[in-house]
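Below is one structure, written out as structure tokens; comments come after it.
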Amino acid sequence: MRKAGGIVAVIAGIFGTIAAVITLSVGGMGSAFQAQGSSTVVYLGWGGLGFSFLAIILGAVVMSTQGKTPGALLILCALAGAILGGTLVAVCMGLAFIGGILALIGGSKRADLST
């Protein structure tokens, strides 16, 4: 379950990065046309880009470690990215949240080799 959670988180981070670039593009076009509130959209795009990169990194860490801390950090990253990343990034961070839950409940199962 941990590897599946890590893979889901990496895929969500990649899609979140694409969504953040789209958000940055829309904010940039809004700034070019001097639309009101376009700077907020640009800030949301940067926030989404940062948390999407962090989701990719934490997804890779989840796949390679046995502790529960990276899964919990992935859940926190997904929540913060959904709040600070804009609407498109929030959809992708929902997928990262699911990956974090999979990583967290996957637990550290140790094989009993004493047979």
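Every chain in the structure tokens takes a letter, A first, then B, and so on in the order presented; its residues are numbered from 1, and the ligands are numbered from 1 following the presented order.
Selecting alpha helix (DSSP H) from the backbone DSSP output for region 27-57 of chain A yields A:Gly27, A:Gly28, A:Met29, A:Gly30, A:Ser31, A:Ala32, A:Ser38, A:Ser39, A:Thr40, A:Val41, A:Val42, A:Tyr43, A:Leu44, A:Gly45, A:Trp46, A:Gly47, A:Gly48, A:Leu49, A:Gly50, A:Phe51, A:Ser52, A:Phe53, A:Leu54, A:Ala55, A:Ile56, A:Ile57.
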Exercise for review: Tell me, as a PyMOL selection string, which residues lie within 10 Å of region 22-26 of chain A, counting only C-alpha atoms; anything in the same chain fewer than 5 positions away does not count.
Suggested key: chain A and resi 16-17+31-32+38-39+41-49+85-89
Go through region 2-65 of chain A and flag each residue having an atom no more than 9 Å from region 90-104 of chain A; for those, report the closest pair of atoms plus their distance in Å to one decimal, using only C-alpha atoms, ordered by chain and rising number, as a tab-separated table.
```
residue	atom	partner	partner_atom	distance
A:Arg2	CA	A:Ala103	CA	4.3
A:Lys3	CA	A:Ala103	CA	7.4
A:Ala4	CA	A:Leu102	CA	7.2
A:Gly5	CA	A:Gly99	CA	4.0
A:Gly6	CA	A:Gly99	CA	6.2
A:Ile7	CA	A:Gly99	CA	7.6
A:Val8	CA	A:Gly99	CA	5.1
A:Ala9	CA	A:Ala96	CA	4.5
A:Val10	CA	A:Ala96	CA	7.8
A:Ile11	CA	A:Ala96	CA	8.1
A:Ala12	CA	A:Ala96	CA	5.3
A:Gly13	CA	A:Ala96	CA	7.0
A:Ile14	CA	A:Cys92	CA	8.8
A:Phe15	CA	A:Cys92	CA	6.2
A:Gly16	CA	A:Cys92	CA	5.2
A:Thr17	CA	A:Cys92	CA	9.0
A:Ala19	CA	A:Cys92	CA	7.9
A:Gly48	CA	A:Ala90	CA	8.3
A:Phe51	CA	A:Met93	CA	8.7
A:Ser52	CA	A:Met93	CA	7.8
A:Ala55	CA	A:Ala96	CA	7.0
A:Gly59	CA	A:Gly99	CA	8.0
A:Val62	CA	A:Ala103	CA	6.7
A:Met63	CA	A:Ala103	CA	8.3
```
Output for the residues just chosen: N, CA and C atoms as a tab-separated table (two decimals), in the first residue's frame:
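Listed below is the output, selection.tsv:
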```
chain	number	residue	atom	x	y	z
A	2	ARG	N	2.05	1.17	0.62
A	2	ARG	CA	2.91	2.35	0.67
A	2	ARG	C	3.41	2.71	-0.71
A	3	LYS	N	3.80	1.71	-1.48
A	3	LYS	CA	4.29	2.01	-2.84
A	3	LYS	C	3.18	2.58	-3.69
A	4	ALA	N	1.97	2.05	-3.54
A	4	ALA	CA	0.83	2.57	-4.30
A	4	ALA	C	0.55	4.02	-3.92
A	5	GLY	N	0.61	4.32	-2.62
A	5	GLY	CA	0.42	5.70	-2.17
A	5	GLY	C	1.48	6.63	-2.71
A	6	GLY	N	2.72	6.16	-2.76
A	6	GLY	CA	3.80	6.97	-3.31
A	6	GLY	C	3.63	7.23	-4.79
A	7	ILE	N	3.22	6.19	-5.52
A	7	ILE	CA	3.00	6.35	-6.96
A	7	ILE	C	1.85	7.31	-7.23
A	8	VAL	N	0.77	7.18	-6.46
A	8	VAL	CA	-0.37	8.10	-6.61
A	8	VAL	C	0.06	9.53	-6.30
A	9	ALA	N	0.88	9.71	-5.28
A	9	ALA	CA	1.33	11.06	-4.91
A	9	ALA	C	2.23	11.66	-5.98
A	10	VAL	N	3.11	10.85	-6.56
A	10	VAL	CA	3.98	11.37	-7.63
A	10	VAL	C	3.15	11.78	-8.84
A	11	ILE	N	2.18	10.95	-9.22
A	11	ILE	CA	1.31	11.29	-10.35
A	11	ILE	C	0.51	12.56	-10.05
A	12	ALA	N	0.00	12.67	-8.82
A	12	ALA	CA	-0.73	13.88	-8.44
A	12	ALA	C	0.17	15.11	-8.47
A	13	GLY	N	1.42	14.95	-8.05
A	13	GLY	CA	2.35	16.07	-8.10
A	13	GLY	C	2.65	16.52	-9.52
A	14	ILE	N	2.77	15.56	-10.43
A	14	ILE	CA	3.02	15.91	-11.83
A	14	ILE	C	1.82	16.65	-12.42
A	15	PHE	N	0.62	16.13	-12.17
A	15	PHE	CA	-0.58	16.83	-12.66
A	15	PHE	C	-0.76	18.18	-11.97
A	16	GLY	N	-0.39	18.26	-10.68
A	16	GLY	CA	-0.46	19.53	-9.96
A	16	GLY	C	0.50	20.56	-10.52
A	17	THR	N	1.68	20.11	-10.96
A	17	THR	CA	2.63	21.01	-11.59
A	17	THR	C	2.07	21.57	-12.89
A	19	ALA	N	-1.11	21.87	-13.60
A	19	ALA	CA	-2.20	22.77	-13.22
A	19	ALA	C	-1.66	24.10	-12.71
A	48	GLY	N	0.90	26.75	-5.70
A	48	GLY	CA	0.58	25.44	-6.24
A	48	GLY	C	1.80	24.74	-6.81
A	51	PHE	N	3.94	23.44	-3.76
A	51	PHE	CA	3.38	22.28	-3.09
A	51	PHE	C	3.29	21.07	-4.02
A	52	SER	N	3.19	21.28	-5.31
A	52	SER	CA	3.21	20.15	-6.24
A	52	SER	C	4.59	19.52	-6.29
A	55	ALA	N	4.94	17.55	-3.19
A	55	ALA	CA	4.19	16.28	-3.27
A	55	ALA	C	4.98	15.23	-4.05
A	59	GLY	N	6.23	11.91	-2.28
A	59	GLY	CA	5.80	10.64	-2.86
A	59	GLY	C	6.97	9.69	-3.07
A	62	VAL	N	8.06	8.47	0.40
A	62	VAL	CA	7.13	7.48	0.93
A	62	VAL	C	7.43	6.09	0.38
A	63	MET	N	7.80	6.03	-0.90
A	63	MET	CA	8.07	4.73	-1.51
A	63	MET	C	9.33	4.08	-0.97
```
Check your understanding: If we count only C-alpha atoms, what is near Leu73 (chain A) at a cut-off of 8 Å, once residues fewer than 4 positions away on the same chain are taken out, given as an MDAnalysis selection string?
Key -> chainID A and resid 58 69 77 100
Those selected residues, please, written with all heavy atoms and delivered as a PDB file, in the first residue's frame.
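Now in out.pdb:
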```pdb
ATOM      1  N   LEU A  58       7.812  14.099  -1.650  1.00  0.00           N
ATOM      2  CA  LEU A  58       7.306  13.265  -0.560  1.00  0.00           C
ATOM      3  C   LEU A  58       6.783  11.926  -1.071  1.00  0.00           C
ATOM      4  O   LEU A  58       6.877  10.917  -0.375  1.00  0.00           O
ATOM      5  CB  LEU A  58       6.220  14.008   0.214  1.00  0.00           C
ATOM      6  CG  LEU A  58       6.716  15.127   1.123  1.00  0.00           C
ATOM      7  CD1 LEU A  58       5.549  15.917   1.683  1.00  0.00           C
ATOM      8  CD2 LEU A  58       7.577  14.573   2.229  1.00  0.00           C
ATOM      9  N   THR A  69       5.895   9.028   9.144  1.00  0.00           N
ATOM     10  CA  THR A  69       6.053  10.479   9.069  1.00  0.00           C
ATOM     11  C   THR A  69       5.930  11.024   7.646  1.00  0.00           C
ATOM     12  O   THR A  69       5.232  12.023   7.462  1.00  0.00           O
ATOM     13  CB  THR A  69       7.406  10.883   9.680  1.00  0.00           C
ATOM     14  OG1 THR A  69       7.484  10.363  11.007  1.00  0.00           O
ATOM     15  CG2 THR A  69       7.546  12.383   9.714  1.00  0.00           C
ATOM     16  N   CYS A  77       0.890  18.359   3.191  1.00  0.00           N
ATOM     17  CA  CYS A  77       1.260  19.037   1.946  1.00  0.00           C
ATOM     18  C   CYS A  77       0.065  19.130   1.006  1.00  0.00           C
ATOM     19  O   CYS A  77      -0.155  20.156   0.362  1.00  0.00           O
ATOM     20  CB  CYS A  77       2.418  18.303   1.284  1.00  0.00           C
ATOM     21  SG  CYS A  77       2.812  18.885  -0.365  1.00  0.00           S
ATOM     22  N   GLY A 100      -1.460  10.030   0.295  1.00  0.00           N
ATOM     23  CA  GLY A 100      -0.952  10.146   1.658  1.00  0.00           C
ATOM     24  C   GLY A 100      -1.684   9.226   2.620  1.00  0.00           C
ATOM     25  O   GLY A 100      -1.077   8.628   3.515  1.00  0.00           O
TER      26      GLY A 100
END
```
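Minimum atom-to-atom distances from A:Ala78, A:Ile18, A:Met1, A:Ala35 to Gln66 (chain A) were compared using only C-alpha atoms, and the lowest value belongs to A:Met1.
Here CA of Gly30 (chain A) stands at a distance of 24.5 Å from CA of Phe53 (chain A).
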Review point. Which distance in Å separates CA of Leu84 (chain A) and CA of Phe33 (chain A), to one decimal?
Key: 23.8 Å
